[in-house]
>>> print(open('structure.csv').read())   # CSV, C-alpha atoms and all ligand atoms
chain,number,residue,atom,x,y,z
A,288,MET,CA,17.1,-11.4,62.4
A,289,THR,CA,15.1,-8.2,62.5
A,290,THR,CA,15.0,-5.9,59.5
A,291,SER,CA,14.4,-2.2,60.0
A,292,LEU,CA,13.9,0.7,57.6
A,293,CYS,CA,13.2,4.3,58.5
A,294,ILE,CA,11.5,6.4,55.9
A,295,ARG,CA,12.0,10.1,56.7
A,296,ASN,CA,9.7,13.0,55.8
A,297,VAL,CA,6.5,11.6,54.4
A,298,ARG,CA,3.0,13.2,54.6
A,299,PRO,CA,0.0,11.2,55.6
A,300,LEU,CA,-3.5,12.3,54.8
A,301,GLY,CA,-4.6,14.9,57.4
A,302,GLY,CA,-1.3,14.8,59.2
A,303,GLU,CA,2.0,16.7,59.6
A,304,PRO,CA,5.2,15.5,57.9
A,305,THR,CA,6.5,12.5,59.8
A,306,ASP,CA,9.1,9.7,59.8
A,307,ILE,CA,8.1,6.1,59.9
A,308,LEU,CA,10.1,3.2,61.3
A,309,ILE,CA,9.2,-0.2,59.7
A,310,ARG,CA,10.4,-3.3,61.6
A,311,ASP,CA,9.7,-6.9,60.6
A,312,GLY,CA,7.0,-5.7,58.2
A,313,VAL,CA,5.0,-3.5,60.6
A,314,PHE,CA,4.9,0.2,61.5
A,315,ALA,CA,7.0,0.1,64.6
A,316,ALA,CA,7.1,3.9,65.2
A,317,ILE,CA,5.5,6.9,63.6
A,318,GLY,CA,6.6,10.5,64.5
A,319,PRO,CA,8.7,13.5,63.5
A,320,ASP,CA,12.5,13.3,63.7
A,321,LEU,CA,12.7,9.7,64.9
A,322,ALA,CA,16.1,9.0,66.5
A,323,MET,CA,17.8,6.1,64.8
A,324,GLY,CA,20.9,4.2,65.4
A,325,GLU,CA,23.5,3.7,62.6
A,326,GLU,CA,22.4,0.2,61.9
A,327,VAL,CA,18.9,1.3,60.7
A,328,GLU,CA,18.7,1.8,57.0
A,329,THR,CA,17.1,5.1,56.1
A,330,LEU,CA,15.3,6.4,53.0
A,331,ASP,CA,14.4,10.0,52.3
A,332,GLY,CA,10.7,10.2,51.5
A,333,GLY,CA,11.3,13.7,50.2
A,334,GLY,CA,8.0,15.0,51.6
A,335,ARG,CA,6.0,12.7,49.3
A,336,LEU,CA,2.4,11.8,50.0
A,337,LEU,CA,1.8,8.7,52.0
A,338,PHE,CA,-1.3,6.5,51.2
A,339,PRO,CA,-2.0,3.3,53.0
A,340,GLY,CA,-1.9,0.4,50.4
A,341,LEU,CA,-4.8,0.8,48.0
A,342,ILE,CA,-7.6,-1.8,48.2
A,343,ASP,CA,-9.5,-3.2,45.2
A,344,ALA,CA,-12.5,-4.7,47.0
A,345,HIS,CA,-14.2,-6.0,43.9
A,346,THR,CA,-12.6,-7.3,40.7
A,347,HIS,CA,-12.5,-10.4,38.5
A,348,MET,CA,-8.9,-11.4,38.1
A,349,ASP,CA,-9.5,-14.8,36.6
A,350,LYS,CA,-11.0,-13.4,33.3
A,351,THR,CA,-9.1,-10.3,32.4
A,352,LEU,CA,-7.8,-10.3,28.8
A,353,LEU,CA,-4.8,-8.2,29.7
A,354,GLY,CA,-1.7,-9.1,27.6
A,355,LEU,CA,-3.8,-11.0,25.0
A,356,PRO,CA,-4.5,-9.7,21.5
A,357,TRP,CA,-7.2,-7.0,21.4
A,358,HIS,CA,-10.6,-8.5,21.8
A,359,ARG,CA,-13.2,-6.8,19.6
A,360,HIS,CA,-16.3,-6.4,21.7
A,361,THR,CA,-19.6,-7.3,20.0
A,362,ALA,CA,-21.8,-8.5,22.9
A,363,GLY,CA,-25.3,-7.1,23.0
A,364,PRO,CA,-26.7,-4.8,25.6
A,365,THR,CA,-28.2,-7.1,28.3
A,366,LEU,CA,-26.6,-8.8,31.2
A,367,LEU,CA,-27.4,-12.2,29.6
A,368,ASP,CA,-25.8,-11.2,26.3
A,369,LYS,CA,-22.5,-10.5,28.2
A,370,ILE,CA,-22.7,-13.7,30.3
A,371,GLU,CA,-23.2,-15.8,27.1
A,372,GLY,CA,-20.5,-13.8,25.2
A,373,GLU,CA,-18.1,-14.5,28.0
A,374,ARG,CA,-18.7,-18.2,28.0
A,375,ARG,CA,-18.4,-18.4,24.2
A,376,LEU,CA,-15.1,-16.5,24.4
A,377,ARG,CA,-13.8,-19.0,27.0
A,378,ARG,CA,-14.9,-22.0,24.8
A,379,GLU,CA,-13.3,-20.5,21.7
A,380,GLU,CA,-10.1,-19.0,23.0
A,381,GLY,CA,-9.5,-20.7,26.3
A,382,ILE,CA,-8.4,-18.5,29.1
A,383,ASP,CA,-5.5,-19.4,31.4
A,384,ALA,CA,-6.8,-18.0,34.7
A,385,HIS,CA,-3.4,-18.4,36.4
A,386,ARG,CA,-1.6,-16.4,33.8
A,387,GLN,CA,-4.3,-13.8,33.4
A,388,SER,CA,-4.7,-13.2,37.1
A,389,THR,CA,-1.0,-12.9,37.5
A,390,ARG,CA,-0.9,-10.2,34.8
A,391,HIS,CA,-3.7,-8.4,36.5
A,392,ALA,CA,-2.0,-8.6,39.9
A,393,GLU,CA,1.2,-7.2,38.5
A,394,ARG,CA,-0.5,-4.2,37.1
A,395,ALA,CA,-2.4,-3.7,40.4
A,396,ILE,CA,0.7,-4.0,42.6
A,397,ALA,CA,2.7,-1.5,40.4
A,398,SER,CA,-0.1,1.0,40.8
A,399,GLY,CA,-0.2,0.8,44.6
A,400,THR,CA,-2.7,-1.9,45.4
A,401,THR,CA,-1.8,-4.2,48.3
A,402,HIS,CA,-5.1,-6.0,48.8
A,403,ILE,CA,-7.7,-7.4,46.3
A,404,ARG,CA,-11.0,-9.2,46.6
A,405,SER,CA,-11.5,-11.1,43.4
A,406,PHE,CA,-14.5,-13.0,42.2
A,407,SER,CA,-13.8,-16.3,40.5
A,408,ASP,CA,-16.4,-17.5,38.0
A,409,ILE,CA,-17.8,-21.0,38.7
A,410,ASP,CA,-20.1,-22.7,36.3
A,411,THR,CA,-20.8,-26.1,34.9
A,412,GLU,CA,-18.8,-25.5,31.7
A,413,TRP,CA,-15.7,-23.7,33.2
A,414,GLY,CA,-15.9,-25.7,36.4
A,415,LEU,CA,-13.2,-24.7,38.9
A,416,ASN,CA,-10.6,-23.7,36.3
A,417,GLY,CA,-10.9,-20.0,37.2
A,418,PHE,CA,-10.8,-20.7,40.9
A,419,HIS,CA,-7.8,-23.0,40.7
A,420,GLY,CA,-5.8,-20.5,38.5
A,421,LEU,CA,-6.6,-17.7,40.9
A,422,ALA,CA,-5.8,-19.8,44.0
A,423,GLN,CA,-2.4,-20.5,42.4
A,424,THR,CA,-1.8,-16.7,41.9
A,425,ARG,CA,-3.0,-16.0,45.5
A,426,GLU,CA,-0.3,-18.5,46.7
A,427,ASP,CA,2.5,-17.3,44.3
A,428,LEU,CA,2.0,-13.7,45.3
A,429,LYS,CA,1.1,-14.0,49.0
A,430,ASP,CA,4.0,-11.9,50.1
A,431,THR,CA,3.3,-9.2,47.5
A,432,VAL,CA,-0.5,-8.7,47.5
A,433,THR,CA,-3.2,-10.1,49.6
A,434,ILE,CA,-5.9,-11.8,47.5
A,435,GLN,CA,-9.4,-12.9,48.8
A,436,ILE,CA,-11.3,-15.2,46.4
A,437,VAL,CA,-15.1,-15.2,46.1
A,438,ALA,CA,-16.7,-18.3,44.8
A,439,PHE,CA,-19.1,-16.7,42.3
A,440,PRO,CA,-21.9,-18.2,40.1
A,441,GLN,CA,-21.5,-15.7,37.2
A,442,SER,CA,-23.7,-17.7,34.9
A,443,GLY,CA,-26.5,-18.4,37.4
A,444,MET,CA,-26.7,-21.0,40.1
A,445,LEU,CA,-30.1,-22.6,40.4
A,446,VAL,CA,-30.6,-22.4,36.6
A,447,ARG,CA,-27.4,-24.5,36.2
A,448,PRO,CA,-27.7,-27.7,38.2
A,449,GLY,CA,-24.4,-28.7,39.5
A,450,THR,CA,-23.2,-25.1,40.2
A,451,VAL,CA,-23.9,-25.2,43.9
A,452,GLU,CA,-21.8,-28.4,44.3
A,453,LEU,CA,-18.9,-26.7,42.5
A,454,MET,CA,-19.1,-23.6,44.7
A,455,GLU,CA,-19.1,-25.9,47.7
A,456,GLN,CA,-16.0,-27.6,46.4
A,457,ALA,CA,-14.3,-24.3,46.0
A,458,LEU,CA,-15.2,-23.4,49.5
A,459,ARG,CA,-13.7,-26.7,50.7
A,460,GLU,CA,-10.6,-25.9,48.8
A,461,GLY,CA,-10.1,-22.5,50.3
A,462,ALA,CA,-12.3,-19.9,48.7
A,463,ASP,CA,-12.6,-17.0,51.2
A,464,VAL,CA,-16.0,-15.7,50.5
A,465,VAL,CA,-19.3,-16.9,48.9
A,466,GLY,CA,-20.8,-14.8,46.1
A,467,GLY,CA,-24.3,-14.3,44.9
A,468,LEU,CA,-25.8,-12.7,41.8
A,469,ASP,CA,-29.1,-11.0,41.0
A,470,PRO,CA,-31.3,-13.5,42.8
A,471,SER,CA,-34.4,-12.5,41.0
A,472,THR,CA,-33.3,-11.7,37.5
A,473,ILE,CA,-30.7,-14.5,36.9
A,474,ASP,CA,-32.0,-17.4,39.0
A,475,ARG,CA,-35.5,-16.1,39.1
A,476,ASP,CA,-36.0,-17.5,42.6
A,477,PRO,CA,-34.6,-14.9,45.1
A,478,VAL,CA,-35.5,-16.8,48.3
A,479,ARG,CA,-33.9,-20.0,47.3
A,480,HIS,CA,-30.9,-18.3,45.7
A,481,LEU,CA,-30.2,-16.4,48.9
A,482,ASP,CA,-31.0,-19.2,51.2
A,483,THR,CA,-28.4,-21.3,49.3
A,484,ILE,CA,-25.7,-18.6,49.4
A,485,PHE,CA,-26.2,-17.9,53.1
A,486,GLY,CA,-26.4,-21.6,53.9
A,487,LEU,CA,-23.0,-22.0,52.4
A,488,ALA,CA,-21.7,-19.0,54.3
A,489,GLU,CA,-22.9,-20.6,57.6
A,490,ARG,CA,-21.6,-24.1,56.8
A,491,TYR,CA,-18.1,-22.9,55.7
A,492,ASP,CA,-18.0,-19.8,58.1
A,493,VAL,CA,-17.2,-17.4,55.2
A,494,ASP,CA,-18.4,-13.9,54.4
A,495,VAL,CA,-20.9,-13.0,51.7
A,496,ASP,CA,-20.6,-10.7,48.7
A,497,VAL,CA,-23.6,-10.4,46.4
A,498,HIS,CA,-23.6,-8.7,42.9
A,499,LEU,CA,-26.8,-6.8,42.8
A,500,HIS,CA,-27.5,-5.1,39.5
A,501,GLU,CA,-31.3,-5.3,39.9
A,502,PRO,CA,-32.8,-1.9,39.6
A,503,GLY,CA,-35.3,0.1,41.7
A,504,GLU,CA,-37.9,-1.8,43.7
A,505,LEU,CA,-36.7,-5.2,42.5
A,506,GLY,CA,-33.3,-4.5,43.9
A,507,ALA,CA,-34.7,-3.0,47.0
A,508,PHE,CA,-36.6,-6.2,47.6
A,509,SER,CA,-33.4,-8.2,47.3
A,510,VAL,CA,-31.7,-5.9,49.8
A,511,GLU,CA,-34.5,-6.7,52.2
A,512,LEU,CA,-34.0,-10.4,51.7
A,513,ILE,CA,-30.3,-10.1,52.2
A,514,ALA,CA,-30.7,-8.1,55.4
A,515,GLU,CA,-33.2,-10.7,56.7
A,516,ARG,CA,-30.7,-13.5,56.2
A,517,THR,CA,-27.8,-11.5,57.6
A,518,LYS,CA,-29.7,-11.0,60.8
A,519,ALA,CA,-31.0,-14.6,61.0
A,520,LEU,CA,-27.5,-16.0,60.8
A,521,GLY,CA,-25.8,-13.3,62.9
A,522,LEU,CA,-23.6,-12.3,59.9
A,523,GLN,CA,-23.7,-8.6,60.7
A,524,GLY,CA,-20.4,-7.0,59.5
A,525,ARG,CA,-19.7,-9.9,57.1
A,526,VAL,CA,-21.9,-9.1,54.1
A,527,VAL,CA,-21.2,-6.8,51.1
A,528,ILE,CA,-23.7,-5.8,48.5
A,529,SER,CA,-21.8,-5.0,45.3
A,530,HIS,CA,-23.1,-2.3,42.8
A,531,ALA,CA,-26.5,-1.9,44.6
A,532,PHE,CA,-27.7,0.2,41.7
A,533,CYS,CA,-31.2,0.1,43.3
A,534,LEU,CA,-30.1,2.5,46.0
A,535,GLY,CA,-29.9,5.2,43.4
A,536,GLY,CA,-33.2,4.2,41.9
A,537,VAL,CA,-35.8,4.4,44.7
A,538,ASP,CA,-37.5,7.5,46.2
A,539,ALA,CA,-36.1,9.2,49.3
A,540,ALA,CA,-38.4,7.5,51.8
A,541,ARG,CA,-37.6,4.1,50.5
A,542,LEU,CA,-33.9,4.9,50.5
A,543,ASP,CA,-34.1,5.9,54.1
A,544,GLY,CA,-35.7,2.6,55.0
A,545,LEU,CA,-33.0,0.7,53.1
A,546,ILE,CA,-30.2,2.7,54.8
A,547,ALA,CA,-31.7,1.8,58.1
A,548,LEU,CA,-31.6,-1.9,57.2
A,549,LEU,CA,-28.0,-1.7,56.0
A,550,LEU,CA,-27.0,0.0,59.3
A,551,GLU,CA,-29.0,-2.4,61.5
A,552,ASN,CA,-27.2,-5.3,59.9
A,553,ASP,CA,-23.9,-3.6,59.3
A,554,ILE,CA,-23.9,-4.5,55.5
A,555,ALA,CA,-21.3,-2.7,53.4
A,556,ILE,CA,-21.9,-1.3,49.9
A,557,MET,CA,-19.4,-1.6,47.1
A,558,SER,CA,-19.6,1.0,44.3
A,559,HIS,CA,-17.4,1.2,41.3
A,560,GLY,CA,-18.9,4.5,40.1
A,561,PRO,CA,-20.7,3.2,37.1
A,562,GLY,CA,-20.8,5.1,33.9
A,563,GLY,CA,-23.6,5.3,31.4
A,564,GLY,CA,-26.0,7.3,33.6
A,565,ARG,CA,-27.4,4.2,35.3
A,566,PRO,CA,-28.6,4.8,38.9
A,567,ALA,CA,-25.8,4.3,41.4
A,568,PRO,CA,-25.6,4.4,45.2
A,569,PRO,CA,-25.4,7.9,46.5
A,570,VAL,CA,-22.0,7.7,48.1
A,571,TRP,CA,-22.1,10.9,50.1
A,572,GLN,CA,-25.5,10.2,51.7
A,573,LEU,CA,-24.6,6.6,52.5
A,574,ARG,CA,-21.4,7.7,54.1
A,575,GLU,CA,-22.9,10.5,56.1
A,576,SER,CA,-25.5,8.0,57.3
A,577,GLY,CA,-22.8,5.7,58.6
A,578,VAL,CA,-23.0,3.0,55.9
A,579,ARG,CA,-19.7,1.3,55.3
A,580,LEU,CA,-18.5,1.7,51.7
A,581,CYS,CA,-15.7,0.2,49.6
A,582,ALA,CA,-14.8,0.4,45.9
A,583,GLY,CA,-13.4,-1.8,43.2
A,584,ASN,CA,-12.4,-1.8,39.6
A,585,ASP,CA,-14.8,-4.7,38.6
A,586,GLY,CA,-13.7,-6.6,35.5
A,587,ILE,CA,-10.5,-5.4,33.9
A,588,ARG,CA,-10.5,-5.4,30.1
A,589,ASP,CA,-12.6,-8.6,29.8
A,590,ALA,CA,-15.4,-9.9,27.8
A,591,TRP,CA,-17.8,-7.4,29.5
A,592,GLY,CA,-15.9,-4.4,28.2
A,593,PRO,CA,-12.5,-2.8,27.6
A,594,LEU,CA,-12.6,0.3,29.7
A,595,ASN,CA,-11.9,-0.7,33.3
A,596,ARG,CA,-8.3,-0.5,34.4
A,597,PRO,CA,-6.5,-2.0,37.4
A,598,GLU,CA,-5.4,1.3,39.1
A,599,MET,CA,-7.3,2.1,42.3
A,600,LEU,CA,-6.2,5.7,42.3
A,601,LEU,CA,-8.1,6.0,39.0
A,602,ARG,CA,-11.1,4.2,40.5
A,603,ALA,CA,-11.1,6.9,43.3
A,604,TYR,CA,-11.2,9.5,40.5
A,605,LEU,CA,-14.1,7.8,38.7
A,606,LEU,CA,-16.1,7.3,41.9
A,607,ALA,CA,-15.6,11.0,42.7
A,608,TYR,CA,-16.5,11.9,39.1
A,609,ARG,CA,-19.7,9.7,39.1
A,610,ASN,CA,-20.9,11.3,42.4
A,611,ASN,CA,-20.2,14.9,41.2
A,612,PHE,CA,-17.7,15.4,44.0
A,613,ARG,CA,-15.9,18.8,44.0
A,614,ARG,CA,-15.0,19.7,47.5
A,615,ASP,CA,-11.8,18.4,49.0
A,616,GLU,CA,-13.6,16.7,51.9
A,617,GLU,CA,-15.7,14.8,49.3
A,618,ILE,CA,-12.6,13.6,47.4
A,619,GLU,CA,-10.9,12.8,50.8
A,620,ALA,CA,-13.9,10.6,51.5
A,621,VAL,CA,-13.3,8.7,48.3
A,622,ILE,CA,-9.6,8.1,49.4
A,623,ASP,CA,-10.9,6.7,52.6
A,624,ILE,CA,-13.2,4.4,50.7
A,625,VAL,CA,-10.4,3.0,48.5
A,626,THR,CA,-8.3,2.4,51.6
A,627,ASN,CA,-9.9,2.0,55.0
A,628,GLY,CA,-13.3,1.2,53.5
A,629,GLY,CA,-11.9,-1.7,51.5
A,630,ALA,CA,-10.1,-2.9,54.6
A,631,SER,CA,-13.4,-2.9,56.6
A,632,ALA,CA,-15.3,-4.7,53.9
A,633,MET,CA,-12.5,-7.4,53.6
A,634,ARG,CA,-12.2,-7.4,57.4
A,635,LEU,CA,-8.4,-7.0,57.4
A,636,PRO,CA,-7.1,-7.2,60.9
A,637,ASP,CA,-3.9,-5.2,60.7
A,638,TYR,CA,-4.5,-2.6,58.0
A,639,GLY,CA,-3.9,1.2,58.2
A,640,PHE,CA,-1.4,3.8,59.1
A,641,ALA,CA,-0.9,3.1,62.8
A,642,GLU,CA,1.8,1.6,64.9
A,643,GLY,CA,1.6,-2.2,65.0
A,644,ASN,CA,-0.2,-2.5,61.7
A,645,ALA,CA,1.3,-4.1,58.5
A,646,ALA,CA,3.5,-1.7,56.6
A,647,ASP,CA,1.5,-1.6,53.4
A,648,LEU,CA,1.8,1.7,51.7
A,649,MET,CA,2.3,3.8,48.6
A,650,LEU,CA,4.3,7.0,48.3
A,651,VAL,CA,3.5,9.4,45.5
A,652,ASP,CA,4.7,12.9,44.4
A,653,GLY,CA,2.1,15.6,44.9
A,654,GLU,CA,1.0,18.6,46.7
A,655,THR,CA,-2.1,17.1,48.5
A,656,HIS,CA,-3.8,13.7,48.5
A,657,VAL,CA,-6.8,15.2,46.7
A,658,GLN,CA,-4.5,16.7,44.0
A,659,ALA,CA,-3.0,13.2,43.6
A,660,VAL,CA,-6.4,11.8,42.8
A,661,VAL,CA,-6.8,14.4,40.2
A,662,ASP,CA,-3.3,14.2,38.7
A,663,GLN,CA,-2.9,10.4,38.9
A,664,PRO,CA,0.9,10.2,39.5
A,665,THR,CA,2.8,7.0,39.0
A,666,PRO,CA,3.6,5.6,42.5
A,667,TRP,CA,7.2,6.4,43.5
A,668,LEU,CA,7.3,3.5,45.9
A,669,VAL,CA,4.9,0.7,46.9
A,670,MET,CA,5.5,-1.6,49.9
A,671,LYS,CA,3.8,-4.7,51.2
A,672,ARG,CA,4.6,-5.7,54.8
A,673,GLY,CA,7.7,-3.5,54.6
A,674,ARG,CA,9.0,-5.0,51.4
A,675,VAL,CA,9.4,-2.8,48.3
A,676,THR,CA,7.1,-4.3,45.7
A,677,ALA,CA,7.2,-1.5,43.0
A,678,ARG,CA,9.2,1.6,42.3
A,679,GLU,CA,8.2,4.3,39.8
A,680,GLY,CA,5.6,2.0,38.2
A,681,GLY,CA,7.9,-1.0,37.8
A,682,LEU,CA,7.7,-4.2,39.8
A,683,CYS,CA,10.5,-5.1,42.2
A,684,THR,CA,9.6,-8.7,42.8
O,1,ZN,ZN,-18.3,-7.6,39.5
>>> encode(input="structure.csv", output="structure tokens")
Amino acid sequence: MTTSLCIRNVRPLGGEPTDILIRDGVFAAIGPDLAMGEEVETLDGGGRLLFPGLIDAHTHMDKTLLGLPWHRHTAGPTLLDKIEGERRLRREEGIDAHRQSTRHAERAIASGTTHIRSFSDIDTEWGLNGFHGLAQTREDLKDTVTIQIVAFPQSGMLVRPGTVELMEQALREGADVVGGLDPSTIDRDPVRHLDTIFGLAERYDVDVDVHLHEPGELGAFSVELIAERTKALGLQGRVVISHAFCLGGVDAARLDGLIALLLENDIAIMSHGPGGGRPAPPVWQLRESGVRLCAGNDGIRDAWGPLNRPEMLLRAYLLAYRNNFRRDEEIEAVIDIVTNGGASAMRLPDYGFAEGNAADLMLVDGETHVQAVVDQPTPWLVMKRGRVTAREGGLCT
């Protein structure tokens, strides 16, 4: 049995008002005044703004504290303080990764997100608990939100013998991506760290996503090592460097060289628009140079801090704010980053507002898409593969 729905009068970014016909979960036709037989259900879009489903290309669903009693944050200022604090919290409180990732997913779906790349902490204390809980959520919600899982050594890899074997186990059990973390500052052995990560990518034929907080020249060196391995293994188009703060902390000539490396190896950059005045990737310059960009919410109300939220429209606002964007074309670029940019980084085959693609979308009230980023309306309707998953901020599944 085919199921069809025609949504009349919606406004895509950069386009005239249009109707859309959704059949069997895909956009079957797009155009003004589509002629429909009586048997096709229709819905009046009321001239609302159409966004493709939003994409959170970097978050940590297995460790959010959403729905738990407020956690008073006392961790110190360094990365290691936060990593230690997180492991202590897990020891003392216990975190049910399945329950927590479900809570996270529900909030994301209600706010218009249709695809998520989530890291899953793997270490010798927590084992595969996070991965297993998140994999269960991925399965439970597979018709509602697409989740990619990154096997991620949050507490270090080489410094914790046994971690590589656990990551390998997660990849055997269906992790989609292999993750790395600050190869110099955490494992203190960048070549061996990256050789191990890329070796796993080759063996299990998965993409790579490296958290790189390392600043300035140290981070730039890591980018070079990542580019070398991407080239050696033919992984062009399959590697993301997340955060990449170093791109905002080197001089112009060094940055030009790094951009050339990113382009040559088709490496994408994820930025969440960090606060606190720390150097951040210059989003406009990277985009103008042709570097692929995506964005994510990073950890949502977890042991690292309470401020991040699961709404990607808010992340678009924060990324624009962090980059001092004011012109409409700049904010439109951010909308592209939280939609098409995420799809490119996650290599989604049938994403986007075009006939034949999956009908993943969000409709919101507003005058223009840019104005919606500023005003942050609650989505009127969210759809995943043509199924309504949320209406006016409430889940429908
Ligand atoms: Zn992260």
>>> closest_atom_pairs(input="structure.csv", of="chain A", to="ligand ZN 1 (chain O)", cutoff="8 Å", atoms="all atoms listed in the file", output="Markdown table")
| residue | atom | partner | partner_atom | distance |
| --- | --- | --- | --- | --- |
| A:His345 | CA | O:ZN1 | ZN | 6.2 |
| A:Thr346 | CA | O:ZN1 | ZN | 5.8 |
| A:His347 | CA | O:ZN1 | ZN | 6.5 |
| A:Phe406 | CA | O:ZN1 | ZN | 7.1 |
| A:His498 | CA | O:ZN1 | ZN | 6.4 |
| A:Ser529 | CA | O:ZN1 | ZN | 7.3 |
| A:His530 | CA | O:ZN1 | ZN | 7.9 |
| A:Asp585 | CA | O:ZN1 | ZN | 4.6 |
| A:Gly586 | CA | O:ZN1 | ZN | 6.2 |
>>> closest_residue(input="structure.csv", among="A:Arg634, A:His480, A:Arg609, A:Arg298", to="A:Gly333", atoms="only C-alpha atoms")
A:Arg298
>>> residues_around(input="structure.csv", residues="stretch 661-678 of chain A", least_positions_apart="5", cutoff="7 Å", atoms="all atoms listed in the file", output="ChimeraX atom specification")
/A:309,312-313,396-399,401,431-432,600-601,604,645-652,683-684
>>> closest_residue(input="structure.csv", among="A:Glu426, A:Asp383, A:Glu489, A:Glu679", to="A:Arg525", atoms="only C-alpha atoms")
A:Glu489
>>> residues_around(input="structure.csv", residues="A:Ala555", least_positions_apart="4", cutoff="7 Å", atoms="all atoms listed in the file", output="list in words")
Val526, Val527, Ile528, Val578, Arg579, Leu580 and Ala632 of chain A
>>> closest_residue(input="structure.csv", among="A:Ala659, A:Leu292, A:Leu487, A:Val510", to="A:Glu619", atoms="all atoms listed in the file")
A:Ala659
>>> residues_around(input="structure.csv", residues="A:Met599", least_positions_apart="6", cutoff="8 Å", atoms="only C-alpha atoms", output="list in words")
Leu341, Ile342, Asp343, Ala395, Ser398, Gly399, Thr400, Gly583, Asn584 and Val625 of chain A
>>> write_last_selection(input="structure.csv", atoms="C-alpha atoms", output="mmCIF file, keeping the file's coordinate frame")
data_model
loop_
_atom_site.group_PDB
_atom_site.id
_atom_site.type_symbol
_atom_site.label_atom_id
_atom_site.label_comp_id
_atom_site.auth_asym_id
_atom_site.auth_seq_id
_atom_site.Cartn_x
_atom_site.Cartn_y
_atom_site.Cartn_z
ATOM 1 C CA LEU A 341 -4.800 0.800 48.000
ATOM 2 C CA ILE A 342 -7.600 -1.800 48.200
ATOM 3 C CA ASP A 343 -9.500 -3.200 45.200
ATOM 4 C CA ALA A 395 -2.400 -3.700 40.400
ATOM 5 C CA SER A 398 -0.100 1.000 40.800
ATOM 6 C CA GLY A 399 -0.200 0.800 44.600
ATOM 7 C CA THR A 400 -2.700 -1.900 45.400
ATOM 8 C CA GLY A 583 -13.400 -1.800 43.200
ATOM 9 C CA ASN A 584 -12.400 -1.800 39.600
ATOM 10 C CA VAL A 625 -10.400 3.000 48.500
#
>>> atom_distance(input="structure.csv", atom1="atom CA of A:Cys533", atom2="atom CA of A:Ser576")
17.1 Å
>>> closest_residue(input="structure.csv", among="A:Gly681, A:Pro636, A:Gly524, A:Pro593", to="A:His360", atoms="only C-alpha atoms")
A:Pro593
>>> residues_around(input="structure.csv", residues="A:His500", least_positions_apart="2", cutoff="10 Å", atoms="all atoms listed in the file", output="ChimeraX atom specification")
/A:366,468-470,472,497-498,502-503,505-506,528-533,566-567
>>> write_last_selection(input="structure.csv", atoms="C-alpha atoms", output="CSV table (one decimal), in the coordinates of the input")
chain,number,residue,atom,x,y,z
A,366,LEU,CA,-26.6,-8.8,31.2
A,468,LEU,CA,-25.8,-12.7,41.8
A,469,ASP,CA,-29.1,-11.0,41.0
A,470,PRO,CA,-31.3,-13.5,42.8
A,472,THR,CA,-33.3,-11.7,37.5
A,497,VAL,CA,-23.6,-10.4,46.4
A,498,HIS,CA,-23.6,-8.7,42.9
A,502,PRO,CA,-32.8,-1.9,39.6
A,503,GLY,CA,-35.3,0.1,41.7
A,505,LEU,CA,-36.7,-5.2,42.5
A,506,GLY,CA,-33.3,-4.5,43.9
A,528,ILE,CA,-23.7,-5.8,48.5
A,529,SER,CA,-21.8,-5.0,45.3
A,530,HIS,CA,-23.1,-2.3,42.8
A,531,ALA,CA,-26.5,-1.9,44.6
A,532,PHE,CA,-27.7,0.2,41.7
A,533,CYS,CA,-31.2,0.1,43.3
A,566,PRO,CA,-28.6,4.8,38.9
A,567,ALA,CA,-25.8,4.3,41.4
>>> residues_near_point(input="structure.csv", point="(-11.4, 7.4, 44.8)", cutoff="8 Å", atoms="all atoms listed in the file", output="list in words")
Ala582, Met599, Leu600, Leu601, Arg602, Ala603, Tyr604, Leu605, Leu606, Ala607, Ile618, Ala620, Val621, Ile622, Asp623, Ile624, Val625 and Val660 of chain A
